[in-house]
file query34.cif (mmCIF, C-alpha atoms)
data_protein
#
loop_
_atom_site.label_atom_id
_atom_site.label_comp_id
_atom_site.auth_asym_id
_atom_site.auth_seq_id
_atom_site.Cartn_x
_atom_site.Cartn_y
_atom_site.Cartn_z
CA MET A 1 15.83 -7.06 24.68
CA ASN A 2 17.00 -3.68 23.39
CA GLU A 3 15.43 -1.91 20.44
CA THR A 4 17.67 -3.08 17.56
CA PRO A 5 17.36 -6.89 18.06
CA LYS A 6 13.64 -6.48 18.78
CA ARG A 7 13.16 -4.51 15.56
CA ALA A 8 15.20 -7.03 13.56
CA LEU A 9 13.28 -10.01 14.97
CA SER A 10 9.81 -8.56 14.44
CA GLY A 11 10.79 -7.42 10.93
CA ALA A 12 12.08 -10.90 10.05
CA VAL A 13 8.90 -12.56 11.34
CA TYR A 14 6.79 -10.12 9.34
CA VAL A 15 8.70 -10.79 6.11
CA ILE A 16 8.62 -14.58 6.56
CA VAL A 17 4.88 -14.65 7.31
CA LEU A 18 4.08 -12.20 4.50
CA LEU A 19 6.07 -13.95 1.78
CA GLY A 20 5.14 -17.39 3.07
CA CYS A 21 1.40 -16.74 2.94
CA ILE A 22 1.59 -15.09 -0.48
CA SER A 23 3.64 -17.98 -1.87
CA HIS A 24 1.44 -20.73 -0.42
CA SER A 25 -1.97 -20.01 -1.95
CA LYS A 26 -4.52 -17.33 -2.70
CA GLU A 27 -6.49 -18.53 0.35
CA SER A 28 -3.55 -18.03 2.73
CA LEU A 29 -2.97 -14.59 1.19
CA ALA A 30 -6.65 -13.76 1.73
CA LEU A 31 -6.56 -14.91 5.35
CA LEU A 32 -3.41 -12.93 6.10
CA PHE A 33 -4.63 -9.70 4.54
CA GLY A 34 -8.06 -10.18 6.10
CA PHE A 35 -6.30 -10.32 9.48
CA PHE A 36 -4.15 -7.32 8.57
CA LEU A 37 -7.28 -5.45 7.47
CA LEU A 38 -8.99 -5.82 10.84
CA ILE A 39 -5.92 -4.49 12.64
CA ALA A 40 -5.49 -1.67 10.11
CA VAL A 41 -9.13 -0.64 10.53
CA TYR A 42 -8.70 -0.53 14.29
CA GLU A 43 -5.54 1.59 13.93
CA PHE A 44 -7.23 3.93 11.45
CA CYS A 45 -10.24 4.32 13.72
CA LYS A 46 -7.98 5.23 16.64
CA ILE A 47 -6.05 7.80 14.58
CA THR A 48 -9.14 9.39 13.03
CA GLN A 49 -11.42 8.92 16.07
CA ILE A 50 -14.24 7.00 14.44
CA ASN A 51 -16.26 4.10 15.84
CA TYR A 52 -14.40 0.80 15.48
CA TYR A 53 -17.34 -1.23 16.84
CA ILE A 54 -19.11 -0.45 13.56
CA SER A 55 -16.07 -0.20 11.30
CA ILE A 56 -14.40 -3.53 12.11
CA PRO A 57 -17.45 -5.77 11.50
CA PHE A 58 -18.32 -3.82 8.34
CA SER A 59 -14.78 -4.20 6.98
CA GLY A 60 -14.76 -7.92 7.75
CA ILE A 61 -18.08 -8.49 5.94
CA ALA A 62 -17.02 -6.41 2.92
CA TYR A 63 -13.71 -8.27 2.68
CA PHE A 64 -15.37 -11.69 3.00
CA PHE A 65 -17.74 -11.05 0.09
CA LEU A 66 -15.34 -9.21 -2.23
CA TRP A 67 -11.83 -10.66 -1.87
CA ASP A 68 -12.37 -13.28 -4.60
CA LYS A 69 -14.29 -11.22 -7.18
CA SER A 70 -11.41 -10.33 -9.49
CA ASN A 71 -13.04 -12.06 -12.48
CA ASP A 72 -16.16 -9.93 -12.16
CA ILE A 73 -14.84 -7.09 -14.33
CA PRO A 74 -17.81 -4.67 -13.96
CA LEU A 75 -17.71 -5.02 -10.16
CA LYS A 76 -13.92 -4.76 -10.12
CA THR A 77 -14.12 -1.61 -12.23
CA ILE A 78 -16.52 0.01 -9.76
CA ILE A 79 -14.37 -0.96 -6.77
CA VAL A 80 -11.19 0.35 -8.38
CA ALA A 81 -12.94 3.57 -9.45
CA VAL A 82 -14.06 4.23 -5.88
CA ALA A 83 -10.52 3.61 -4.59
CA ILE A 84 -8.98 5.92 -7.20
CA LEU A 85 -11.44 8.72 -6.41
CA ILE A 86 -10.65 8.42 -2.70
CA SER A 87 -6.94 8.37 -3.52
CA ILE A 88 -7.33 11.63 -5.43
CA LYS A 89 -9.18 13.11 -2.44
CA LEU A 90 -6.26 12.01 -0.25
CA LEU A 91 -3.77 13.72 -2.54
CA PHE A 92 -5.69 16.98 -2.21
CA TYR A 93 -5.66 16.42 1.55
CA LEU A 94 -1.91 15.78 1.52
CA PHE A 95 -1.09 18.94 -0.42
CA SER A 96 -3.50 21.10 1.55
CA ILE A 97 -1.69 23.47 3.93
CA GLN A 98 -4.57 23.22 6.39
CA LYS A 99 -4.09 20.83 9.27
CA THR A 100 -7.70 20.71 10.41
CA THR A 101 -9.32 17.34 11.07
CA LEU A 102 -11.58 15.79 8.44
CA LYS A 103 -15.35 15.80 8.75
CA ILE A 104 -16.82 12.62 10.18
CA ALA A 105 -18.41 11.61 6.84
CA SER A 106 -15.03 12.04 5.10
CA ARG A 107 -13.33 9.85 7.67
CA TYR A 108 -15.76 6.98 7.05
CA LEU A 109 -15.41 7.50 3.31
CA LEU A 110 -11.63 7.21 3.69
CA LEU A 111 -12.09 4.08 5.78
CA VAL A 112 -13.80 2.46 2.80
CA GLY A 113 -11.66 3.79 -0.05
CA TYR A 114 -8.27 4.11 1.63
CA ILE A 115 -8.30 1.08 3.96
CA ILE A 116 -10.93 -1.56 3.15
CA ILE A 117 -10.89 -1.54 -0.66
CA PRO A 118 -7.06 -1.60 -1.06
CA PHE A 119 -6.85 -4.69 1.16
CA ILE A 120 -9.48 -6.34 -1.05
CA LEU A 121 -7.65 -5.26 -4.21
CA THR A 122 -4.36 -6.72 -2.95
CA ASN A 123 -5.85 -10.15 -3.63
CA TYR A 124 -6.67 -9.12 -7.20
CA VAL A 125 -3.08 -8.07 -7.92
CA ALA A 126 -1.84 -11.63 -7.54
CA LEU A 127 -4.17 -12.98 -10.22
CA GLY A 128 -2.58 -13.20 -13.66
CA LYS A 129 -3.85 -14.54 -16.97
CA ASN A 130 -3.32 -18.14 -15.84
CA GLY A 131 -4.79 -17.80 -12.35
CA TYR A 132 -3.06 -17.16 -9.05
CA ASN A 133 0.54 -16.04 -9.51
CA PRO A 134 2.26 -15.11 -6.23
CA LYS A 135 5.32 -13.80 -8.09
CA ILE A 136 3.34 -10.75 -9.22
CA LEU A 137 2.46 -9.54 -5.72
CA ILE A 138 5.84 -10.53 -4.30
CA SER A 139 7.56 -8.52 -7.04
CA ILE A 140 5.45 -5.45 -6.30
CA ILE A 141 6.26 -5.71 -2.59
CA VAL A 142 9.96 -6.13 -3.38
CA LEU A 143 9.78 -3.03 -5.61
CA ILE A 144 8.23 -1.06 -2.74
CA TRP A 145 11.04 -2.19 -0.44
CA ALA A 146 13.61 -1.31 -3.13
CA ASN A 147 12.10 2.15 -3.53
CA ASP A 148 12.18 2.77 0.23
CA THR A 149 15.74 1.48 0.54
CA PHE A 150 17.29 3.36 -2.36
CA ALA A 151 15.34 6.56 -1.66
CA TYR A 152 16.77 6.44 1.86
CA LEU A 153 20.34 5.66 0.75
CA VAL A 154 20.42 8.26 -2.02
CA GLY A 155 18.72 10.84 0.16
CA LYS A 156 21.07 10.21 3.07
CA ASN A 157 24.20 10.57 0.93
CA PHE A 158 23.16 13.13 -1.67
CA GLY A 159 19.92 14.68 -0.47
CA LYS A 160 19.80 18.45 -0.05
CA ILE A 161 16.34 19.59 -1.18
CA LYS A 162 13.48 18.55 1.10
CA LEU A 163 10.60 16.79 -0.64
CA PHE A 164 7.80 17.52 1.84
CA PRO A 165 9.30 18.99 5.03
CA SER A 166 5.98 19.81 6.69
CA VAL A 167 4.98 16.13 6.70
CA SER A 168 8.22 14.12 6.45
CA PRO A 169 11.36 16.19 7.16
CA LYS A 170 13.79 13.43 6.19
CA LYS A 171 12.58 12.79 2.63
CA THR A 172 14.44 14.61 -0.14
CA ILE A 173 13.86 15.18 -3.85
CA GLU A 174 17.21 13.54 -4.60
CA GLY A 175 16.15 10.49 -2.62
CA PHE A 176 12.83 10.35 -4.44
CA ILE A 177 14.57 10.47 -7.84
CA GLY A 178 17.05 7.81 -6.72
CA GLY A 179 14.16 5.61 -5.65
CA VAL A 180 12.46 5.99 -9.02
CA ILE A 181 15.64 5.14 -10.94
CA PHE A 182 16.62 2.08 -8.90
CA THR A 183 13.05 0.80 -8.68
CA SER A 184 12.75 1.01 -12.46
CA ILE A 185 15.96 -1.01 -12.80
CA ALA A 186 14.72 -3.54 -10.24
CA SER A 187 11.41 -3.89 -12.11
CA VAL A 188 13.26 -4.79 -15.31
CA VAL A 189 15.44 -7.33 -13.48
CA LEU A 190 12.45 -8.94 -11.73
CA SER A 191 10.46 -9.01 -14.96
CA LYS A 192 13.23 -10.74 -16.89
CA PHE A 193 14.69 -13.16 -14.34
CA TYR A 194 11.95 -13.78 -11.74
CA ILE A 195 8.58 -13.34 -13.41
CA GLU A 196 10.01 -14.20 -16.85
CA SER A 197 7.58 -11.84 -18.53
CA THR A 198 7.83 -11.36 -22.29
CA ILE A 199 6.25 -7.89 -22.14
CA LEU A 200 8.87 -5.71 -20.52
CA TYR A 201 7.09 -2.36 -20.78
CA ILE A 202 4.33 -3.49 -18.42
CA TRP A 203 6.80 -3.92 -15.58
CA VAL A 204 8.58 -0.68 -16.43
CA VAL A 205 5.24 1.09 -15.97
CA ILE A 206 4.58 -0.85 -12.76
CA GLY A 207 7.99 0.24 -11.48
CA PHE A 208 7.07 3.90 -12.02
CA ILE A 209 3.65 3.41 -10.41
CA VAL A 210 5.26 1.81 -7.38
CA SER A 211 7.91 4.53 -6.98
CA ILE A 212 5.52 7.44 -7.21
CA PHE A 213 2.53 6.14 -5.31
CA SER A 214 4.38 4.26 -2.58
CA THR A 215 6.12 7.53 -1.69
CA LEU A 216 2.81 9.39 -1.72
CA GLY A 217 1.21 6.67 0.40
CA ASP A 218 3.94 6.99 2.99
CA LEU A 219 3.51 10.78 3.05
CA ILE A 220 -0.27 10.50 3.47
CA GLN A 221 0.09 8.16 6.43
CA SER A 222 2.71 10.50 7.91
CA LYS A 223 0.26 13.40 7.66
CA PHE A 224 -2.48 11.40 9.37
CA LYS A 225 -0.12 10.60 12.24
CA ARG A 226 1.23 14.14 12.46
CA ILE A 227 -2.27 15.59 12.75
CA ALA A 228 -3.27 12.90 15.26
CA GLY A 229 -0.10 13.64 17.25
CA VAL A 230 1.18 10.05 17.27
CA LYS A 231 4.51 8.56 16.21
CA ASP A 232 3.15 5.19 15.05
CA SER A 233 -0.26 3.94 13.95
CA GLY A 234 -0.03 1.05 16.42
CA LYS A 235 2.27 -1.17 18.48
CA ILE A 236 1.66 -4.65 17.07
CA MET A 237 5.17 -4.86 15.57
CA PRO A 238 7.88 -4.00 18.11
CA GLY A 239 10.26 -1.43 16.66
CA HIS A 240 8.14 -0.99 13.52
CA GLY A 241 4.83 0.36 14.80
CA GLY A 242 1.49 -0.80 13.46
CA ILE A 243 0.16 -2.54 10.39
CA LEU A 244 -0.56 0.77 8.69
CA ASP A 245 3.04 1.83 9.27
CA ARG A 246 4.18 -1.28 7.37
CA LEU A 247 1.52 -1.34 4.66
CA ASP A 248 0.87 2.37 4.00
CA SER A 249 2.78 2.21 0.71
CA ILE A 250 1.17 -1.03 -0.45
CA ILE A 251 -2.42 0.08 0.15
CA PHE A 252 -1.88 3.30 -1.80
CA VAL A 253 -0.07 1.57 -4.69
CA VAL A 254 -2.51 -1.32 -5.15
CA PRO A 255 -5.49 0.69 -6.52
CA PHE A 256 -3.28 2.23 -9.21
CA ILE A 257 -1.83 -1.19 -10.15
CA ASN A 258 -5.39 -2.47 -10.53
CA LEU A 259 -6.29 0.59 -12.59
CA PHE A 260 -3.36 -0.20 -14.90
CA TYR A 261 -4.59 -3.81 -15.17
CA LEU A 262 -8.06 -2.58 -16.14
CA ILE A 263 -6.66 -0.21 -18.77
CA LEU A 264 -4.73 -3.10 -20.29
CA TYR A 265 -7.87 -5.26 -20.21
CA TYR A 266 -10.13 -2.68 -21.86
CA VAL A 267 -7.67 -1.70 -24.59
CA SER A 268 -6.65 -5.27 -25.48
#

call {"tool": "encode", "arguments": {"input": "query34.cif", "output": "structure tokens"}}
result
Amino acid sequence: MNETPKRALSGAVYVIVLLGCISHSKESLALLFGFFLLIAVYEFCKITQINYYISIPFSGIAYFFLWDKSNDIPLKTIIVAVAILISIKLLFYLFSIQKTTLKIASRYLLLVGYIIIPFILTNYVALGKNGYNPKILISIIVLIWANDTFAYLVGKNFGKIKLFPSVSPKKTIEGFIGGVIFTSIASVVLSKFYIESTILYIWVVIGFIVSIFSTLGDLIQSKFKRIAGVKDSGKIMPGHGGILDRLDSIIFVVPFINLFYLILYYVS
């Protein structure tokens, strides 16, 4: 099988399994992302050269005890705060011109805040006021796909100014702006006709969060791979690379979505 059909088939299987598990129940979502987490941890350990014999069991235990703790607001606040602080550290790392490897302690810290916690927080995203609502997480994933698609299309046809050439030579500022605009439109459409939300501004804000932080998440993963000297984080998905290649945007967006949820909770 040549590359194009293989890529199309593996992509279709991924989308069907992902949307199917999210739609079915919070337990099937938890099982799927728990499985994804273990693979992602292995990939991250290979890229950053840390011990996966310690990291994989630790991630599994942490996920098992924390995936269903969304209603524990103090604990959730601490978890989100840790993820946000690590995300800020990653942004400094992204914009640093130095290409030196991270210290070993920093790599384990990133394992926790950049990999393990976002997979846990993905489960929290799908919990609305009335319990588990798969439409919320599905909509966020669709917005990430919309941002990627329209950023690519606008950038390909109108892009001239490189966004971050040292990390991702193909991304352009025009493409980024196009992604933001079309993702914002998509968020309004999804809010009105799919989620049927009565509070439109929440999904407008979510659309902006997705556009900005999904792009940054993709750039961060690209920098990790560039420094490690690898094209893909793994080979589990033929034609698409590894789990981190597919979920790099989601895991960087999710902490900021949860932060927005917490802000709404505390101010209401």

call {"tool": "atom_distance", "arguments": {"input": "query34.cif", "atom1": "CA of Thr183 in chain A", "atom2": "CA of Phe164 in chain A"}}
result
20.4 Å

call {"tool": "closest_residue", "arguments": {"input": "query34.cif", "among": "A:Tyr194, A:Tyr52, A:Phe119, A:Phe176", "to": "Asn133 in chain A", "atoms": "all atoms listed in the file"}}
result
A:Tyr194

call {"tool": "resolve_selection", "arguments": {"input": "query34.cif", "expression": "the PyMOL selection byres ((chain A and resi 147-161) around 10)", "output": "PyMOL selection string"}}
result
chain A and resi 141-146+162-165+170-184+186+207+210-212+214-215+218+249

call {"tool": "residues_around", "arguments": {"input": "query34.cif", "residues": "Ile120 in chain A", "least_positions_apart": "2", "cutoff": "6 Å", "atoms": "only C-alpha atoms", "output": "list in words"}}
result
Tyr63, Trp67, Ile117, Pro118, Thr122 and Asn123 of chain A

call {"tool": "atom_distance", "arguments": {"input": "query34.cif", "atom1": "CA of Asn130 in chain A", "atom2": "CA of Ser70 in chain A"}}
result
12.9 Å

call {"tool": "atom_distance", "arguments": {"input": "query34.cif", "atom1": "CA of Pro74 in chain A", "atom2": "CA of Ile251 in chain A"}}
result
21.4 Å

call {"tool": "closest_residue", "arguments": {"input": "query34.cif", "among": "A:Asn258, A:Ser187, A:Ser168, A:Ser222", "to": "Ile140 in chain A", "atoms": "only C-alpha atoms"}}
result
A:Ser187

call {"tool": "closest_atom_pairs", "arguments": {"input": "query34.cif", "of": "range 145-264 of chain A", "to": "range 90-113 of chain A", "cutoff": "7 Å", "atoms": "all atoms listed in the file", "output": "JSON lines"}}
result
{"residue": "A:Ile220", "atom": "CA", "partner": "A:Leu94", "partner_atom": "CA", "distance": 5.9}
{"residue": "A:Lys223", "atom": "CA", "partner": "A:Leu94", "partner_atom": "CA", "distance": 6.9}
{"residue": "A:Ile227", "atom": "CA", "partner": "A:Lys99", "partner_atom": "CA", "distance": 6.5}

call {"tool": "resolve_selection", "arguments": {"input": "query34.cif", "expression": "the PyMOL selection byres ((chain A and resi 26) around 9)", "output": "list in words"}}
result
Cys21, Ile22, Ser23, His24, Ser25, Glu27, Ser28, Leu29, Ala30, Leu31, Asn123, Ala126, Leu127, Tyr132, Asn133 and Pro134 of chain A

call {"tool": "resolve_selection", "arguments": {"input": "query34.cif", "expression": "the PyMOL selection byres ((chain A and resi 246) around 12)", "output": "short mmCIF file (atom, residue, chain, number, x, y, z; two decimals) with C-alpha atoms, in the coordinates of the input"}}
result
data_model
loop_
_atom_site.label_atom_id
_atom_site.label_comp_id
_atom_site.auth_asym_id
_atom_site.auth_seq_id
_atom_site.Cartn_x
_atom_site.Cartn_y
_atom_site.Cartn_z
CA SER A 10 9.81 -8.56 14.44
CA GLY A 11 10.79 -7.42 10.93
CA TYR A 14 6.79 -10.12 9.34
CA VAL A 15 8.70 -10.79 6.11
CA LEU A 18 4.08 -12.20 4.50
CA PHE A 36 -4.15 -7.32 8.57
CA ILE A 39 -5.92 -4.49 12.64
CA ALA A 40 -5.49 -1.67 10.11
CA ILE A 141 6.26 -5.71 -2.59
CA ILE A 144 8.23 -1.06 -2.74
CA TRP A 145 11.04 -2.19 -0.44
CA ASP A 148 12.18 2.77 0.23
CA SER A 214 4.38 4.26 -2.58
CA GLY A 217 1.21 6.67 0.40
CA ASP A 218 3.94 6.99 2.99
CA GLN A 221 0.09 8.16 6.43
CA SER A 222 2.71 10.50 7.91
CA ASP A 232 3.15 5.19 15.05
CA SER A 233 -0.26 3.94 13.95
CA GLY A 234 -0.03 1.05 16.42
CA LYS A 235 2.27 -1.17 18.48
CA ILE A 236 1.66 -4.65 17.07
CA MET A 237 5.17 -4.86 15.57
CA PRO A 238 7.88 -4.00 18.11
CA GLY A 239 10.26 -1.43 16.66
CA HIS A 240 8.14 -0.99 13.52
CA GLY A 241 4.83 0.36 14.80
CA GLY A 242 1.49 -0.80 13.46
CA ILE A 243 0.16 -2.54 10.39
CA LEU A 244 -0.56 0.77 8.69
CA ASP A 245 3.04 1.83 9.27
CA LEU A 247 1.52 -1.34 4.66
CA ASP A 248 0.87 2.37 4.00
CA SER A 249 2.78 2.21 0.71
CA ILE A 250 1.17 -1.03 -0.45
CA ILE A 251 -2.42 0.08 0.15
CA PHE A 252 -1.88 3.30 -1.80
#

call {"tool": "residues_near_point", "arguments": {"input": "query34.cif", "point": "(-8.6, -2.3, -18.8)", "cutoff": "12 Å", "atoms": "all atoms listed in the file", "output": "JSON, numbers by chain"}}
result
{"A": [73, 74, 76, 77, 80, 81, 256, 257, 258, 259, 260, 261, 262, 263, 264, 265, 266, 267, 268]}

call {"tool": "decode", "arguments": {"input": "query34.cif", "residues": "range 169-181 of chain A", "atoms": "all heavy atoms", "output": "PDB file, in the first residue's frame"}}
result
ATOM      1  N   PRO A 169       8.978  25.938   9.186  1.00  0.00           N
ATOM      2  CA  PRO A 169       9.158  26.817   8.025  1.00  0.00           C
ATOM      3  C   PRO A 169       7.898  27.064   7.194  1.00  0.00           C
ATOM      4  O   PRO A 169       7.829  28.060   6.478  1.00  0.00           O
ATOM      5  CB  PRO A 169      10.216  26.071   7.194  1.00  0.00           C
ATOM      6  CG  PRO A 169      10.886  25.147   8.147  1.00  0.00           C
ATOM      7  CD  PRO A 169       9.846  24.757   9.145  1.00  0.00           C
ATOM      8  N   LYS A 170       6.924  26.182   7.272  1.00  0.00           N
ATOM      9  CA  LYS A 170       5.746  26.304   6.420  1.00  0.00           C
ATOM     10  C   LYS A 170       4.650  27.203   7.001  1.00  0.00           C
ATOM     11  O   LYS A 170       3.768  27.644   6.271  1.00  0.00           O
ATOM     12  CB  LYS A 170       5.170  24.921   6.111  1.00  0.00           C
ATOM     13  CG  LYS A 170       6.089  24.043   5.269  1.00  0.00           C
ATOM     14  CD  LYS A 170       5.449  22.709   4.959  1.00  0.00           C
ATOM     15  CE  LYS A 170       6.367  21.837   4.106  1.00  0.00           C
ATOM     16  NZ  LYS A 170       5.749  20.524   3.801  1.00  0.00           N
ATOM     17  N   LYS A 171       4.673  27.441   8.295  1.00  0.00           N
ATOM     18  CA  LYS A 171       3.618  28.256   8.905  1.00  0.00           C
ATOM     19  C   LYS A 171       3.848  29.732   8.596  1.00  0.00           C
ATOM     20  O   LYS A 171       4.979  30.214   8.649  1.00  0.00           O
ATOM     21  CB  LYS A 171       3.583  28.042  10.418  1.00  0.00           C
ATOM     22  CG  LYS A 171       3.086  26.666  10.834  1.00  0.00           C
ATOM     23  CD  LYS A 171       2.882  26.607  12.323  1.00  0.00           C
ATOM     24  CE  LYS A 171       2.521  25.203  12.790  1.00  0.00           C
ATOM     25  NZ  LYS A 171       1.312  24.682  12.144  1.00  0.00           N
ATOM     26  N   THR A 172       2.748  30.438   8.305  1.00  0.00           N
ATOM     27  CA  THR A 172       2.846  31.868   7.997  1.00  0.00           C
ATOM     28  C   THR A 172       1.920  32.669   8.905  1.00  0.00           C
ATOM     29  O   THR A 172       0.954  32.129   9.471  1.00  0.00           O
ATOM     30  CB  THR A 172       2.450  32.150   6.535  1.00  0.00           C
ATOM     31  OG1 THR A 172       1.063  31.809   6.351  1.00  0.00           O
ATOM     32  CG2 THR A 172       3.320  31.360   5.564  1.00  0.00           C
ATOM     33  N   ILE A 173       2.212  33.957   9.022  1.00  0.00           N
ATOM     34  CA  ILE A 173       1.362  34.845   9.818  1.00  0.00           C
ATOM     35  C   ILE A 173      -0.021  34.953   9.187  1.00  0.00           C
ATOM     36  O   ILE A 173      -1.043  34.950   9.888  1.00  0.00           O
ATOM     37  CB  ILE A 173       2.019  36.232   9.943  1.00  0.00           C
ATOM     38  CG1 ILE A 173       3.272  36.132  10.815  1.00  0.00           C
ATOM     39  CG2 ILE A 173       1.035  37.255  10.531  1.00  0.00           C
ATOM     40  CD1 ILE A 173       4.054  37.415  10.951  1.00  0.00           C
ATOM     41  N   GLU A 174      -0.063  35.018   7.856  1.00  0.00           N
ATOM     42  CA  GLU A 174      -1.363  35.084   7.164  1.00  0.00           C
ATOM     43  C   GLU A 174      -2.197  33.833   7.447  1.00  0.00           C
ATOM     44  O   GLU A 174      -3.409  33.911   7.662  1.00  0.00           O
ATOM     45  CB  GLU A 174      -1.158  35.249   5.662  1.00  0.00           C
ATOM     46  CG  GLU A 174      -0.530  36.563   5.240  1.00  0.00           C
ATOM     47  CD  GLU A 174       0.992  36.552   5.260  1.00  0.00           C
ATOM     48  OE1 GLU A 174       1.578  35.554   5.744  1.00  0.00           O
ATOM     49  OE2 GLU A 174       1.599  37.523   4.791  1.00  0.00           O
ATOM     50  N   GLY A 175      -1.540  32.683   7.448  1.00  0.00           N
ATOM     51  CA  GLY A 175      -2.231  31.435   7.755  1.00  0.00           C
ATOM     52  C   GLY A 175      -2.747  31.413   9.180  1.00  0.00           C
ATOM     53  O   GLY A 175      -3.875  30.976   9.439  1.00  0.00           O
ATOM     54  N   PHE A 176      -1.933  31.910  10.099  1.00  0.00           N
ATOM     55  CA  PHE A 176      -2.344  31.977  11.506  1.00  0.00           C
ATOM     56  C   PHE A 176      -3.581  32.855  11.667  1.00  0.00           C
ATOM     57  O   PHE A 176      -4.544  32.472  12.335  1.00  0.00           O
ATOM     58  CB  PHE A 176      -1.193  32.516  12.354  1.00  0.00           C
ATOM     59  CG  PHE A 176      -1.581  32.826  13.769  1.00  0.00           C
ATOM     60  CD1 PHE A 176      -1.836  31.803  14.676  1.00  0.00           C
ATOM     61  CD2 PHE A 176      -1.706  34.135  14.197  1.00  0.00           C
ATOM     62  CE1 PHE A 176      -2.207  32.089  15.983  1.00  0.00           C
ATOM     63  CE2 PHE A 176      -2.079  34.435  15.497  1.00  0.00           C
ATOM     64  CZ  PHE A 176      -2.328  33.404  16.398  1.00  0.00           C
ATOM     65  N   ILE A 177      -3.571  34.024  11.032  1.00  0.00           N
ATOM     66  CA  ILE A 177      -4.718  34.938  11.111  1.00  0.00           C
ATOM     67  C   ILE A 177      -5.953  34.308  10.480  1.00  0.00           C
ATOM     68  O   ILE A 177      -7.062  34.393  11.023  1.00  0.00           O
ATOM     69  CB  ILE A 177      -4.388  36.286  10.440  1.00  0.00           C
ATOM     70  CG1 ILE A 177      -3.284  37.010  11.217  1.00  0.00           C
ATOM     71  CG2 ILE A 177      -5.633  37.171  10.337  1.00  0.00           C
ATOM     72  CD1 ILE A 177      -2.738  38.234  10.523  1.00  0.00           C
ATOM     73  N   GLY A 178      -5.763  33.645   9.339  1.00  0.00           N
ATOM     74  CA  GLY A 178      -6.880  32.948   8.695  1.00  0.00           C
ATOM     75  C   GLY A 178      -7.457  31.878   9.587  1.00  0.00           C
ATOM     76  O   GLY A 178      -8.683  31.715   9.672  1.00  0.00           O
ATOM     77  N   GLY A 179      -6.584  31.151  10.286  1.00  0.00           N
ATOM     78  CA  GLY A 179      -7.051  30.128  11.215  1.00  0.00           C
ATOM     79  C   GLY A 179      -7.875  30.717  12.337  1.00  0.00           C
ATOM     80  O   GLY A 179      -8.923  30.175  12.704  1.00  0.00           O
ATOM     81  N   VAL A 180      -7.419  31.833  12.892  1.00  0.00           N
ATOM     82  CA  VAL A 180      -8.144  32.495  13.978  1.00  0.00           C
ATOM     83  C   VAL A 180      -9.537  32.932  13.507  1.00  0.00           C
ATOM     84  O   VAL A 180     -10.544  32.699  14.187  1.00  0.00           O
ATOM     85  CB  VAL A 180      -7.362  33.716  14.504  1.00  0.00           C
ATOM     86  CG1 VAL A 180      -8.227  34.531  15.464  1.00  0.00           C
ATOM     87  CG2 VAL A 180      -6.076  33.282  15.188  1.00  0.00           C
ATOM     88  N   ILE A 181      -9.603  33.541  12.340  1.00  0.00           N
ATOM     89  CA  ILE A 181     -10.878  34.058  11.823  1.00  0.00           C
ATOM     90  C   ILE A 181     -11.875  32.921  11.579  1.00  0.00           C
ATOM     91  O   ILE A 181     -13.024  32.963  12.045  1.00  0.00           O
ATOM     92  CB  ILE A 181     -10.659  34.866  10.529  1.00  0.00           C
ATOM     93  CG1 ILE A 181      -9.880  36.160  10.836  1.00  0.00           C
ATOM     94  CG2 ILE A 181     -11.993  35.191   9.855  1.00  0.00           C
ATOM     95  CD1 ILE A 181      -9.414  36.907   9.613  1.00  0.00           C
TER      96      ILE A 181
END
